[in-house]
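Engineer: Here it is, the structure in full.
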Amino acid sequence: MDVSEVVIEGPSGARSLSQIRNSGPHPSNPGIAFSMDPVEAVRVNLSAAERRVSALAGRRTVKKEWQAAWLVRAIECIDLTTLSGDDTEGRVRRLCAKARQPLREDIQAALGLADRAVTTGAVCVYHRFVSTAVEALEGSGIPVAAVSTGFPAGLSPLDTRLKEIEASVADGAREIDIVITREHVLRGNWQALYDEVRVCKAACGPAHMKTILATGDLQTLRNVSRASWVAMMAGSDFIKTSTGKESVNATLPVTLAMLRAIRDYREMTGHVVGYKPAGGISTAKDAMAYLALMKEELGNDWLQPNLFRFGASSLLADIERQLEHYVTGRYAAFSHHAMA
Amino acid sequence: MSIAEILETMSYGPAPESDKEARAWIKSLGGEAKLFIGGAWKKAKSGESFETIAPGSGEVLVRIAQAGAADVDAAVKAAAKAQGPWAALPGHQRARYLYALARLIQRHSRLFAVLESLDNGKPIRESRDIDIPLVARHFYHHAGWAQIMDGELADREALGVCGQIIPWNFPLLMLAWKIAPAIALGNTVVLKPAEYTSLTALLFAEMCQKAGLPEGVINIVTGDGATGEEIVRHPGIAKIAFTGSTEVGRRIREATAGTGKGLTLELGGKSPFIVFDDADLDAAVEGVVDAIWFNQGEVCCAGSRLLVQESIHDRFIARLKARMETLRVGDPLDKVIDIGAIVHPVQLERIRSLVETGVREGASLFQPKAATPDAGCYYPPTLLTGVHPASTVSRVEIFGPVLVATTFRTPSEAVELANNSEYGLAASIWSETLSLALDIAPKLKCGVVWVNGTNMFDAGVGFGGYKESGYGREGGREGLSAYSRPKWLAKAAPIVEKPAAQPNAEPVSTTFVDRTAKLYVGGKQARPDGGYSRPVVSPSGVLVGEVGDGNRKDIRNAVEAARKAASWSTASEHNRAQILYYIAENLDARAGEFAERLAAMTGRRRQDMAREVAASVSRLFSYGAWADKYEGTVHKPPMRGVALAMNEPVGTLGIVCPQEPGLLGFVSTFAPAIALGNRVVVVPSSSQALAVTDFYQVLETSDVPGGVVNIVTGDRHALALELAKHEEVDGLWYFGGAATAGAIEKASIGNLKQVWTEVVQRDWFDPRLGEGREFLARATQVKNIWVPYGE
């Protein structure tokens with residue numbers, strides 16, 4: 001697709017978040033025309049960011065039923081993921097079954113949530129398995145997300161990447177996780193980054209686009225903030241930290257920088273963008289820290305699956321055990337919970 | 001609330017910290033706490049006691065003994081008895097005790113934290129994550145100083161019994177700041193915690209018992225201001241260390257004047273928080289939270305004056321208000337609380353009334369919508385905008401969660417506004433441009449500057465103020481001089497001022513053309529305002545000459561000239577060194593003339609006086625040498641960053657020289673002062689004043705900028721008092737008899753200037769005593785500039 005074909009929509013008025021939630025699972029970010037102003041205006045102080053997140057760990061915590069509720073919400077925000085070279089259809093079906101019933105029924109009932117359809121936020125797979133997952137999740141309402149742009153390096157030809165997106169959407173993926181060309185960030189080619197994300201967005205059509213910045217490769221918060229801005233201006237519906245394949249994945253300071261960019265972008269344009277940390281979030285405690293940071297920096301609206309997702313594979317198992325402990329008062333065994 | 005309901009609201013819910021153990025400990029006090037004297041728990045002889053409350057709930061926790069005169073006396077005696085043997089222990093032995101205290105505090109850290117929050121009202125997060133870890137760190141750090149004292153402080157020794165009076169805002173941390181350096185260096189201690197917050201000090205006393213600390217090394221006497229006064233006035237105490245209000249600090253300065261007691265004061269503040277337009281604004285907003293909503297704003301160094309560059313004011317204030325909406329006020333023992341309880345209803349009332357004053361004077365009030373508990377002692381986070389430098393709330397320390405905001409246009413205006421305060425404790429600078437931040441930091445008149453941070457503390461980094469925020473440093477090497485003194489002082493004989501000799505009938509020698517010695521002000525010789533002269537008479541009664549009889553107006557003029565010579569303080573060290581050498585060169589060229597003059601005034605042999613001139617030339621060389629060698633330190637606190645300890649000049653320094661040696665005493669005092677960038681107003685020896693008035697020509701020929709050295713001859717006592725009272729004089733050195741020393745200490749309370757009075761005889765000819773680091777340290781104050789970094 002030629003970049004010049006992309007229709008650039010101007011900023012529209014802000015819609016209230018409750019409208020967005022009621023009108024469908026995802027807000028959509030039309031993006032705005034490219035501008036260097038917000039990129040150049042970025043000021044981010046690493047030491048201060050680290051202090052903020054480390055102090056927050058001591059300032060905010062949830063206990064007892066609040067903790068149980070927050071853990072359930074964490075489950076509802078998980079993009080249950082398998083992105084391995086040895087994935088098979090059988091493995092993907094197993095994952096989908098777990099996504100439909102992430103909590104053991106007795107535990108769910110003991111939490112007073114028997115009537116609630118507790119599911120994960122989505123299932124996230126390679127393009128190859130989109131149709132398998134769509135079929136396995138039929139009727140559940142759980143969307144399938146595909147990593148479809150030469151994941152994880154994103155260095156295959158642009159045409160190939162765009163075709164992969166179109167193929168995933170055609171197979172029924174409702175969410176597309178794209179990866180950016182890190183080179184554009186590292187060399188300061190912001191216009192090139194904008195154009196790349198823009199054409200990907202066009203290729204996504206009705207599907208929701210999450211843009212992976214690979215923050216571990218970008219290294220500095222300054223880069224992360226700038227890349228966040230460009231990704232949002234280009235129409236990303238979510239910005240996401242990592243593929244899970246970089247040596248450093250999601251961190252709280254990186255999250256802070258991205259959340260503040262989301263907030264500023266909304267202030268400037270009225271458009272709402274979601275956030276997805278991915279990689280390395282494997283304990284219930286980690287998940288609580290992220291939820292608290294979302295609540296503090298962006299507010300309760302970002303504690304919903306339409307604006308917040310965890311990209312995680314092993315997180316669910318730890319949350320299940322914590323919830324069992326909440327119900328029984330005993331520390332739980334992994335083998336008592338169904339594997340994904 | 002059901003889980004399904006919480007899933008709708010996603011609220012936090014309560015997260016209470018258990019106070020079971022802390023309450024059990026309070027119960028163990030048996031309803032009324034005792035005093036810790038001589039290693040044992042004693043009932044107060046006064047028989048009096050008072051209630052201590054938990055400000056979070058208002059309930060009475062326990063009764064606290066009110067130590068009276070007899071109790072304080074017993075404590076001082078116990079401390080005095082313990083001091084000799086304690087100081088005589090090898091440093092390693094003292095280090096082991098301090099190490100044990102650090103470990104004990106860590107082992108009982110949660111009990112200390114909960115007790116502190118219960119008694120003081122501060123959030124458990126802060127007592128647990130900030131106060132108590134800093135306490136342990138302070139004891140570890142100073143265990144190290146005990147260990148290496150013999151080598152590192154070879155010429156210094158302990159002072160004796162230290163009386164320490166601490167505030168209620170950081171009860172255990174202030175105890176640690178006081179006790180750790182004192183006992184590390186061999187002093188013993190009588191400490192009084194604030195009457196609102198005695199409990200953790202008493203628990204600490206139990207730890208001293210557990211550590212097997214020798215009896216009497218640490219004594220804890222509880223009580224109110226009356227107990228504090230007993231400590232301040234007790235003759236057995238060698239040094240008072242006080243942290244608290246400037247008002248009480250003044251009273252203590254007055255009460256200790258003339259007693260020879262050492263004194264360090266860590267007083268109030270109204271610290272600026274400066275946000276430039278190129279700051280990470282979100283970081284700065286969070287900085288404000290840590291600056292003024294840390295410990296309910298009951299922090300002496302709280303960033304309570306927000307100065308925002310005009311161009312970003314609206315944006316910044318909008319973000320700040322949004323942030324304030326997410327602050328949570330409530331039960332100090334709830335782990336999800338940002339702001340706990342105000343320590344006492346009296347303090348709450350003060351905050352309320354000051355905020356009302358602010359609003360009445362035209363400030364706009366903002367407080368977030370979130371609820372503040374009705375019961376207990378709570379005050380919401382508060383922002384007053386549209387505040388001007390003249391507003392009461394801009395000048396007065398509120399000591400509560402109240403931030404006042406004003407704008408500035410340029411960096412230099414930011415500096416002016418920041419310094420426009422009687423206080424000078426701390427400042428924060430927010431800018432992503434390091435060259436801007438590091439340009440501003442040295443221009444701020446305060447002891448601590450945080451760049452892109454706030455309220456950072458470490459045992460290894462000195463803390464303390466400029467101006468009326470007090471004097472002395474706590475922490476690091478900078479803090480050690482407050483608890484030690486040069487060894488020679490103990491054996492030195494007192495100075496006895498002889499009455500001035502009366503001239504006999506002999507006429508003035510007529511071999512010279514008559515010379516009129518004037519005063520030296522602003523680089524010019526000036527006639528004394530009063531138009532009177534004083535004789536300079538040799539011991540045998542010969543009238544050697546006459547000098548101007550300076551008065552208070554001459555002091556005023558001299559101080560004004562010194563103030564205007566501010567560029568000397570920022571002149572390069574190399575430049576200052578050059579001028580000191582040049583002074584030496586010009587003095588040396590006229591050595592014979594000076595020797596002769598000294599011989600005439602002292603009635604001693606010319607050869608002896610030549611020795612004094614030669615020593616003076618050498619001394620000037622010494623300070624030429626030191627001018628570019630008395631460098632600061634780069635501290636490495638436990639963070640990614642540095643703290644730069646910079647030696648800054650005190651400012652305008654008054655110097656009342658020793659009576660003798662007339663020339664060497666003058667050179668030995670003014671030279672270190674100007675070498676390090678001070679401007680001085682000197683009152684020379686009255687009996688040998690002509691040696692100094694002759695010096696005008698040396699100064700004039702040596703390129704000394706006008707106003708750097710000002711000299712007023714006259715009645716030393718009267719002029720010293722004028723300097724002590726003058727509020728533009730930042731520091732005063734006095735070498736002479738005890739009576740004047742006491743009077744000037746008392747008179748110094750106006751601006752709480754740093755006063756160094758030395759009333760014993762010093763051998764000025766011995767370079768080990770007559771020059772060097774002791775003088776350089778007195779000529780400077782340490783500013784610590786914290787620079788966290790990282791990309």
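Identifiers for the structure tokens are assigned positionally: chains receive A, B, ... in sequence, residues are indexed from 1 per chain, and ligands are indexed from 1 in the order shown.
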Name all residues at most 8 Å from Ala405 of chain B (count only C-alpha atoms; drop same-chain ones fewer than 2 positions away) and give them as a VMD selection string.

Structural biologist: chain B and resid 305 to 308 383 to 387 403 407

Engineer: Define the interface residues of chain B facing chain A as those within 6 Å, counting only C-alpha atoms, and report them as a list in words.

Structural biologist: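 Applying the cut-off to the listed atoms yields Ile3, Leu7, Tyr12, Ala15, Arg125, Asp280, Ala283, Val336, Gly790 and Glu791 of chain B.
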
Engineer: I want to know what sits within 8 Å of segment 230-237 of chain A, based on only C-alpha atoms, with residues of the same chain fewer than 5 positions away left out; could you give that as a list in words?

Structural biologist: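 Answer for this query is Pro27, Ser28, Asn29, Pro30, Gly31, Ile32, Ala33, Phe34, Val39, Trp190, Leu193, Tyr194, Asp195, Val197, Arg198, Lys201, His208, Met209, Lys210, Thr211, Ile262, Tyr265, Val272, Val273 and Gly274 of chain A.
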
Engineer: Using only C-alpha atoms, I'd like a table of the residues in segment 213-316 of chain B that come within 8 Å of segment 730-749 of chain B; for each, show the closest atom pair and its distance in Å rounded to one decimal, ordered by chain and ascending number, as JSON lines.

Structural biologist:
```
{"residue": "B:Arg250", "atom": "CA", "partner": "B:Ile749", "partner_atom": "CA", "distance": 5.6}
{"residue": "B:Arg253", "atom": "CA", "partner": "B:Ile749", "partner_atom": "CA", "distance": 6.7}
{"residue": "B:Glu254", "atom": "CA", "partner": "B:Lys746", "partner_atom": "CA", "distance": 4.8}
{"residue": "B:Ala255", "atom": "CA", "partner": "B:Lys746", "partner_atom": "CA", "distance": 7.8}
{"residue": "B:Ala257", "atom": "CA", "partner": "B:Gly742", "partner_atom": "CA", "distance": 4.9}
{"residue": "B:Gly258", "atom": "CA", "partner": "B:Gly742", "partner_atom": "CA", "distance": 3.3}
{"residue": "B:Thr259", "atom": "CA", "partner": "B:Gly742", "partner_atom": "CA", "distance": 7.1}
```

Engineer: Quick one: residues within 9 Å of Ala584 of chain B, only C-alpha atoms, excluding same-chain residues fewer than 2 positions away - as a VMD selection string?

Structural biologist: chain B and resid 579 to 582 586 to 589 616 to 621 624 698 702

Engineer: Excluding same-chain residues fewer than 2 positions from Gly311 of chain A, what lies within 7 Å of it counting only C-alpha atoms, as an MDAnalysis selection string?

Structural biologist: chainID A and resid 78:81 276:279 309

Engineer: Based on DSSP run over this structure's backbone, return all residues of segment 116-205 of chain A in strand (DSSP E or B), as a list in words.

Structural biologist: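 Selection result, strand (DSSP E or B) within segment 116-205 of chain A: Ala122, Val123, Cys124, Val125, Tyr126, Val144, Ala145, Ala146, Val147, Glu175, Ile176, Asp177, Ile178 and Val179 of chain A.
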
Engineer: Near Thr132 of chain A, counting only C-alpha atoms, which residues have an atom at most 9 Å away, once you skip same-chain residues fewer than 4 positions from it, shown as a PyMOL selection string?

Structural biologist: chain A and resi 89+92-93+128+136-137

Engineer: I want to know what sits within 8 Å of Val123 of chain A, based on only C-alpha atoms, with residues of the same chain fewer than 4 positions away left out; could you give that as a list in words?

Structural biologist: Asp79, Leu80, Thr81, Leu95, Cys96, Ala99, Ala133, Ile142, Pro143, Val144 and Ala145 of chain A

Engineer: Next, dump the selected residues to file, keeping only N, CA and C atoms, as a compact mmCIF listing (two decimals), in the first residue's frame.

Structural biologist:
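What follows is the written file out.txt:
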```
# COMPACT_ATOMS: atom_id res chain seq x y z
N ASP A 79 -3.84 -10.73 27.81
CA ASP A 79 -3.78 -11.31 26.48
C ASP A 79 -3.04 -12.62 26.66
N LEU A 80 -3.79 -13.70 26.77
CA LEU A 80 -3.14 -14.98 27.03
C LEU A 80 -2.38 -15.37 25.77
N THR A 81 -1.10 -15.59 25.93
CA THR A 81 -0.21 -15.55 24.77
C THR A 81 0.60 -16.82 24.62
N LEU A 95 -4.71 -23.42 24.93
CA LEU A 95 -4.63 -22.04 25.42
C LEU A 95 -6.01 -21.39 25.36
N CYS A 96 -6.72 -21.64 24.29
CA CYS A 96 -8.05 -21.04 24.12
C CYS A 96 -9.02 -21.57 25.17
N ALA A 99 -8.37 -19.73 28.21
CA ALA A 99 -8.86 -18.35 28.12
C ALA A 99 -10.35 -18.29 28.41
N ALA A 133 -7.42 -20.42 16.57
CA ALA A 133 -7.88 -19.77 17.79
C ALA A 133 -9.30 -19.23 17.60
N ILE A 142 -14.31 -13.78 23.07
CA ILE A 142 -12.90 -13.44 23.31
C ILE A 142 -12.22 -13.16 21.97
N PRO A 143 -11.64 -11.99 21.80
CA PRO A 143 -10.99 -11.70 20.54
C PRO A 143 -9.67 -12.44 20.38
N VAL A 144 -9.30 -12.64 19.14
CA VAL A 144 -7.98 -13.21 18.85
C VAL A 144 -7.07 -12.06 18.38
N ALA A 145 -5.90 -12.03 18.99
CA ALA A 145 -4.90 -11.05 18.58
C ALA A 145 -3.79 -11.78 17.85
```

Engineer: May I have all residues of segment 580-633 of chain B that DSSP, computed from the backbone, assigns to helix (DSSP H, G or I), given as a VMD selection string?

Structural biologist: chain B and resid 580 to 589 591 to 602 606 to 627

Engineer: My list of candidates is A:Ala173, A:Leu298, A:Ala192, A:Ile75. Which is closest to Ser314 of chain A when distances are computed with only C-alpha atoms?

Structural biologist: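 Once distances to Ser314 of chain A are computed over only C-alpha atoms, the minimum belongs to A:Ile75.
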
Engineer: How far is it from atom CA of Glu152 of chain B to atom CA of Lys629 of chain B, in Å with one decimal?

Structural biologist: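 Computed distance, atom CA of Glu152 of chain B to atom CA of Lys629 of chain B, equals 18.7 Å.
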
Engineer: What does the distance from atom CA of Glu40 of chain A to atom CA of Pro272 of chain B come to in Å, to one decimal?

Structural biologist: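 Here the two named atoms are 28.5 Å from each other.
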
Engineer: What gap, in Å, lies between atom CA of Ala565 of chain B and atom CA of Val709 of chain B?

Structural biologist: 9.4 Å

Engineer: Closest to Ala289 of chain A among A:Ala227, A:Val134, A:Thr255, A:Lys240, using only C-alpha atoms?

Structural biologist: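 Closest residue, counting only C-alpha atoms: A:Thr255.
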